[in-house]
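Here is the structure we will look at.
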Amino acid sequence: MSEMTRLLAVSEKRSEQVQVSVKFDVDERGLTVMSGTASALVALTCQRCNEFFDYELKIEFIFSPAKNEEAAENIPSYYDVIELNEDGEVNLLELVEEEFLLVLPLIPRHEIKDCSADADSVWGELPEELEKPNPFDVLKQLK
């Protein structure tokens, strides 16, 4: 996990290893298919209380590698396309890291019952709304 620098830039690692299981196959159309799962435990900062909490990242993926954009257009939509690098290889570490980044919550938060911040609190007082005249009252007079 220490090599996943982009993931570690937005989280703290809780486990040293990432669990990855990958299966390589050829489908009925003759396309190479790479499918699998991955999981890791990271710590995220709760946006309510600013404390760390453990978050388990779990992904499932199914890719079909393509040599170029032209080949990628011929891959069915039920596969995600991954382009091969200049050596004709797929960097599995980058692939898994990218998928982990996609499943991170946009606003990481504890469950309300686990959070030390008072989620129902209000800071400051809201001013009472002033009675404003309805701009359409003028139209009523014309009728």
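Identifiers for the structure tokens are assigned positionally: chains receive A, B, ... in sequence, residues are indexed from 1 per chain, and ligands are indexed from 1 in the order shown.
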Tell me which protein, DNA and RNA residues are within 10 Å of Leu7 of chain A, counting only C-alpha atoms, leaving out same-chain ones fewer than 3 positions away, and put them as a PyMOL selection string. chain A and resi 1-4+10-13+42+97-98+100-101+104
Just to be explicit: take each residue in the selection above, keep N, CA and C atoms, and write the result as a PDB file, in the first residue's frame.
```pdb
ATOM      1  N   MET A   1       0.814  -1.188   0.000  1.00  0.00           N
ATOM      2  CA  MET A   1       0.000   0.000   0.000  1.00  0.00           C
ATOM      3  C   MET A   1       0.864   1.260   0.000  1.00  0.00           C
ATOM      4  N   SER A   2       2.080   1.166   0.480  1.00  0.00           N
ATOM      5  CA  SER A   2       2.941   2.350   0.555  1.00  0.00           C
ATOM      6  C   SER A   2       3.295   2.894  -0.832  1.00  0.00           C
ATOM      7  N   GLU A   3       3.108   2.109  -1.880  1.00  0.00           N
ATOM      8  CA  GLU A   3       3.382   2.571  -3.241  1.00  0.00           C
ATOM      9  C   GLU A   3       2.190   3.290  -3.873  1.00  0.00           C
ATOM     10  N   MET A   4       1.052   3.286  -3.211  1.00  0.00           N
ATOM     11  CA  MET A   4      -0.139   3.964  -3.732  1.00  0.00           C
ATOM     12  C   MET A   4      -0.148   5.401  -3.216  1.00  0.00           C
ATOM     13  N   VAL A  10      -4.826  11.250   0.231  1.00  0.00           N
ATOM     14  CA  VAL A  10      -6.171  11.595   0.716  1.00  0.00           C
ATOM     15  C   VAL A  10      -6.612  10.729   1.893  1.00  0.00           C
ATOM     16  N   SER A  11      -5.734   9.835   2.359  1.00  0.00           N
ATOM     17  CA  SER A  11      -6.085   8.950   3.467  1.00  0.00           C
ATOM     18  C   SER A  11      -4.822   8.546   4.215  1.00  0.00           C
ATOM     19  N   GLU A  12      -5.023   7.845   5.310  1.00  0.00           N
ATOM     20  CA  GLU A  12      -3.926   7.251   6.073  1.00  0.00           C
ATOM     21  C   GLU A  12      -4.064   5.740   5.944  1.00  0.00           C
ATOM     22  N   LYS A  13      -2.948   5.051   5.795  1.00  0.00           N
ATOM     23  CA  LYS A  13      -3.059   3.602   5.663  1.00  0.00           C
ATOM     24  C   LYS A  13      -3.250   2.960   7.023  1.00  0.00           C
ATOM     25  N   VAL A  42      -8.266   1.788   5.051  1.00  0.00           N
ATOM     26  CA  VAL A  42      -7.639   3.110   5.162  1.00  0.00           C
ATOM     27  C   VAL A  42      -8.352   3.897   6.256  1.00  0.00           C
ATOM     28  N   GLU A  97      -5.242   1.185  -7.649  1.00  0.00           N
ATOM     29  CA  GLU A  97      -5.245   2.477  -6.973  1.00  0.00           C
ATOM     30  C   GLU A  97      -6.304   3.403  -7.573  1.00  0.00           C
ATOM     31  N   GLU A  98      -6.403   3.429  -8.884  1.00  0.00           N
ATOM     32  CA  GLU A  98      -7.402   4.266  -9.559  1.00  0.00           C
ATOM     33  C   GLU A  98      -8.815   3.854  -9.166  1.00  0.00           C
ATOM     34  N   PHE A 100      -9.687   2.331  -6.368  1.00  0.00           N
ATOM     35  CA  PHE A 100      -9.882   2.732  -4.972  1.00  0.00           C
ATOM     36  C   PHE A 100     -10.242   4.210  -4.877  1.00  0.00           C
ATOM     37  N   LEU A 101      -9.565   5.037  -5.648  1.00  0.00           N
ATOM     38  CA  LEU A 101      -9.848   6.473  -5.615  1.00  0.00           C
ATOM     39  C   LEU A 101     -11.277   6.772  -6.060  1.00  0.00           C
ATOM     40  N   LEU A 104     -13.838   6.134  -3.091  1.00  0.00           N
ATOM     41  CA  LEU A 104     -13.759   6.944  -1.874  1.00  0.00           C
ATOM     42  C   LEU A 104     -14.986   7.838  -1.776  1.00  0.00           C
TER      43      LEU A 104
END
```
Enumerate, as a ChimeraX atom specification, the complete set of residues in chain A that a backbone-based DSSP assignment places in strand (DSSP E or B). /A:12-13,19-26,32-45,52-66,80-83
Take the residues that were just selected and, keeping N, CA and C atoms, output them as a CSV table (one decimal), in the first residue's frame.
```
chain,number,residue,atom,x,y,z
A,12,GLU,N,-5.0,7.8,5.3
A,12,GLU,CA,-3.9,7.3,6.1
A,12,GLU,C,-4.1,5.7,5.9
A,13,LYS,N,-2.9,5.1,5.8
A,13,LYS,CA,-3.1,3.6,5.7
A,13,LYS,C,-3.3,3.0,7.0
A,19,GLN,N,-5.3,-6.5,-0.5
A,19,GLN,CA,-5.7,-7.9,-0.9
A,19,GLN,C,-6.3,-7.8,-2.4
A,20,VAL,N,-5.7,-8.4,-3.3
A,20,VAL,CA,-6.1,-8.4,-4.7
A,20,VAL,C,-6.2,-9.8,-5.2
A,21,SER,N,-7.3,-10.1,-5.9
A,21,SER,CA,-7.6,-11.4,-6.6
A,21,SER,C,-7.9,-11.0,-8.0
A,22,VAL,N,-7.1,-11.6,-9.0
A,22,VAL,CA,-7.4,-11.3,-10.4
A,22,VAL,C,-7.5,-12.6,-11.2
A,23,LYS,N,-8.4,-12.6,-12.1
A,23,LYS,CA,-8.6,-13.8,-12.9
A,23,LYS,C,-8.5,-13.3,-14.4
A,24,PHE,N,-7.7,-14.0,-15.2
A,24,PHE,CA,-7.5,-13.7,-16.6
A,24,PHE,C,-8.2,-14.7,-17.4
A,25,ASP,N,-8.9,-14.3,-18.4
A,25,ASP,CA,-9.7,-15.2,-19.2
A,25,ASP,C,-9.9,-14.7,-20.6
A,26,VAL,N,-10.4,-15.5,-21.5
A,26,VAL,CA,-10.8,-15.1,-22.9
A,26,VAL,C,-12.3,-15.4,-23.0
A,32,THR,N,-9.6,-10.7,-24.5
A,32,THR,CA,-9.0,-10.9,-23.2
A,32,THR,C,-9.7,-10.2,-22.1
A,33,VAL,N,-10.0,-10.8,-21.0
A,33,VAL,CA,-10.8,-10.2,-19.9
A,33,VAL,C,-10.0,-10.4,-18.6
A,34,MET,N,-9.9,-9.3,-17.9
A,34,MET,CA,-9.3,-9.3,-16.6
A,34,MET,C,-10.3,-8.9,-15.6
A,35,SER,N,-10.7,-9.8,-14.6
A,35,SER,CA,-11.7,-9.5,-13.6
A,35,SER,C,-11.1,-9.8,-12.3
A,36,GLY,N,-11.7,-9.2,-11.3
A,36,GLY,CA,-11.2,-9.5,-9.9
A,36,GLY,C,-11.8,-8.6,-8.9
A,37,THR,N,-11.3,-8.7,-7.7
A,37,THR,CA,-11.7,-7.9,-6.5
A,37,THR,C,-10.4,-7.4,-5.8
A,38,ALA,N,-10.6,-6.4,-5.0
A,38,ALA,CA,-9.5,-5.8,-4.2
A,38,ALA,C,-10.1,-5.2,-3.0
A,39,SER,N,-9.3,-5.2,-1.9
A,39,SER,CA,-9.8,-4.5,-0.7
A,39,SER,C,-8.6,-4.0,0.1
A,40,ALA,N,-8.8,-3.0,0.9
A,40,ALA,CA,-7.8,-2.4,1.7
A,40,ALA,C,-8.5,-1.6,2.8
A,41,LEU,N,-7.8,-1.4,3.9
A,41,LEU,CA,-8.3,-0.6,5.0
A,41,LEU,C,-7.5,0.7,5.1
A,42,VAL,N,-8.3,1.8,5.1
A,42,VAL,CA,-7.6,3.1,5.2
A,42,VAL,C,-8.4,3.9,6.3
A,43,ALA,N,-7.7,5.0,6.7
A,43,ALA,CA,-8.3,5.9,7.6
A,43,ALA,C,-8.6,7.2,6.9
A,44,LEU,N,-9.9,7.7,7.0
A,44,LEU,CA,-10.3,8.9,6.4
A,44,LEU,C,-10.6,9.9,7.6
A,45,THR,N,-10.5,11.2,7.2
A,45,THR,CA,-10.9,12.2,8.2
A,45,THR,C,-12.3,12.6,8.1
A,52,PHE,N,-10.1,10.7,12.7
A,52,PHE,CA,-9.9,9.6,11.7
A,52,PHE,C,-10.9,8.5,12.1
A,53,PHE,N,-11.4,7.9,11.0
A,53,PHE,CA,-12.2,6.7,11.2
A,53,PHE,C,-11.8,5.7,10.1
A,54,ASP,N,-11.9,4.4,10.4
A,54,ASP,CA,-11.5,3.3,9.5
A,54,ASP,C,-12.6,3.2,8.4
A,55,TYR,N,-12.1,3.0,7.2
A,55,TYR,CA,-13.0,2.8,6.1
A,55,TYR,C,-12.4,1.7,5.2
A,56,GLU,N,-13.2,0.7,4.9
A,56,GLU,CA,-12.8,-0.4,4.1
A,56,GLU,C,-13.1,-0.2,2.6
A,57,LEU,N,-12.1,-0.2,1.8
A,57,LEU,CA,-12.3,0.0,0.4
A,57,LEU,C,-12.4,-1.4,-0.2
A,58,LYS,N,-13.5,-1.6,-0.9
A,58,LYS,CA,-13.8,-2.9,-1.6
A,58,LYS,C,-14.2,-2.5,-3.1
A,59,ILE,N,-13.5,-3.2,-4.0
A,59,ILE,CA,-13.9,-3.0,-5.4
A,59,ILE,C,-14.0,-4.3,-6.1
A,60,GLU,N,-14.8,-4.3,-7.2
A,60,GLU,CA,-14.9,-5.4,-8.1
A,60,GLU,C,-14.7,-4.8,-9.5
A,61,PHE,N,-13.9,-5.4,-10.3
A,61,PHE,CA,-13.7,-4.9,-11.6
A,61,PHE,C,-13.7,-5.9,-12.7
A,62,ILE,N,-13.9,-5.5,-13.9
A,62,ILE,CA,-13.9,-6.4,-15.1
A,62,ILE,C,-13.4,-5.5,-16.3
A,63,PHE,N,-12.2,-5.7,-16.7
A,63,PHE,CA,-11.6,-5.0,-17.8
A,63,PHE,C,-11.2,-5.8,-19.0
A,64,SER,N,-11.2,-5.2,-20.1
A,64,SER,CA,-10.6,-5.8,-21.3
A,64,SER,C,-9.6,-4.8,-21.9
A,65,PRO,N,-8.3,-5.3,-21.9
A,65,PRO,CA,-7.3,-4.4,-22.4
A,65,PRO,C,-7.3,-4.2,-23.9
A,66,ALA,N,-6.9,-2.9,-24.3
A,66,ALA,CA,-6.9,-2.5,-25.7
A,66,ALA,C,-5.6,-1.9,-26.0
A,80,ASP,N,-15.1,-2.6,-18.9
A,80,ASP,CA,-14.3,-1.4,-18.8
A,80,ASP,C,-13.1,-1.6,-19.6
A,81,VAL,N,-12.7,-0.5,-20.4
A,81,VAL,CA,-11.5,-0.6,-21.2
A,81,VAL,C,-10.3,-0.1,-20.5
A,82,ILE,N,-9.2,-0.8,-20.6
A,82,ILE,CA,-7.9,-0.3,-20.1
A,82,ILE,C,-6.9,-0.4,-21.2
A,83,GLU,N,-6.2,0.7,-21.4
A,83,GLU,CA,-5.2,0.8,-22.5
A,83,GLU,C,-3.9,0.2,-22.0
```
Any chance you could list, as a PyMOL selection string, the residues in chain A that come up helix (DSSP H, G or I) when DSSP is run on the backbone? chain A and resi 5-8+69-73+92-103+112-114+137-142
Tell me which of A:Lys140, A:Arg48, A:Arg29, A:Lys132 sits closest to Ile75 of chain A, counting only C-alpha atoms.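 When distances to Ile75 of chain A are compared using only C-alpha atoms, the smallest one comes from A:Arg29.
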How many Å lie between atom CA of Ala71 of chain A and atom CA of Asn91 of chain A, rounded to one decimal?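 Distance reported for this atom pair: 18.7 Å.
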Cys115 of chain A surroundings by only C-alpha atoms, 12 Å radius, close-in-sequence under 3 positions cut, as a list of chain:residue names: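 Neighbouring residues, sequence-local ones excluded: A:Thr45, A:Cys46, A:Gln47, A:Arg48, A:Cys49, A:Asn50, A:Glu51, A:Phe52, A:Phe53, A:Pro108, A:Arg109, A:His110, A:Glu111, A:Ile112, A:Asp118, A:Ala119, A:Asp120.
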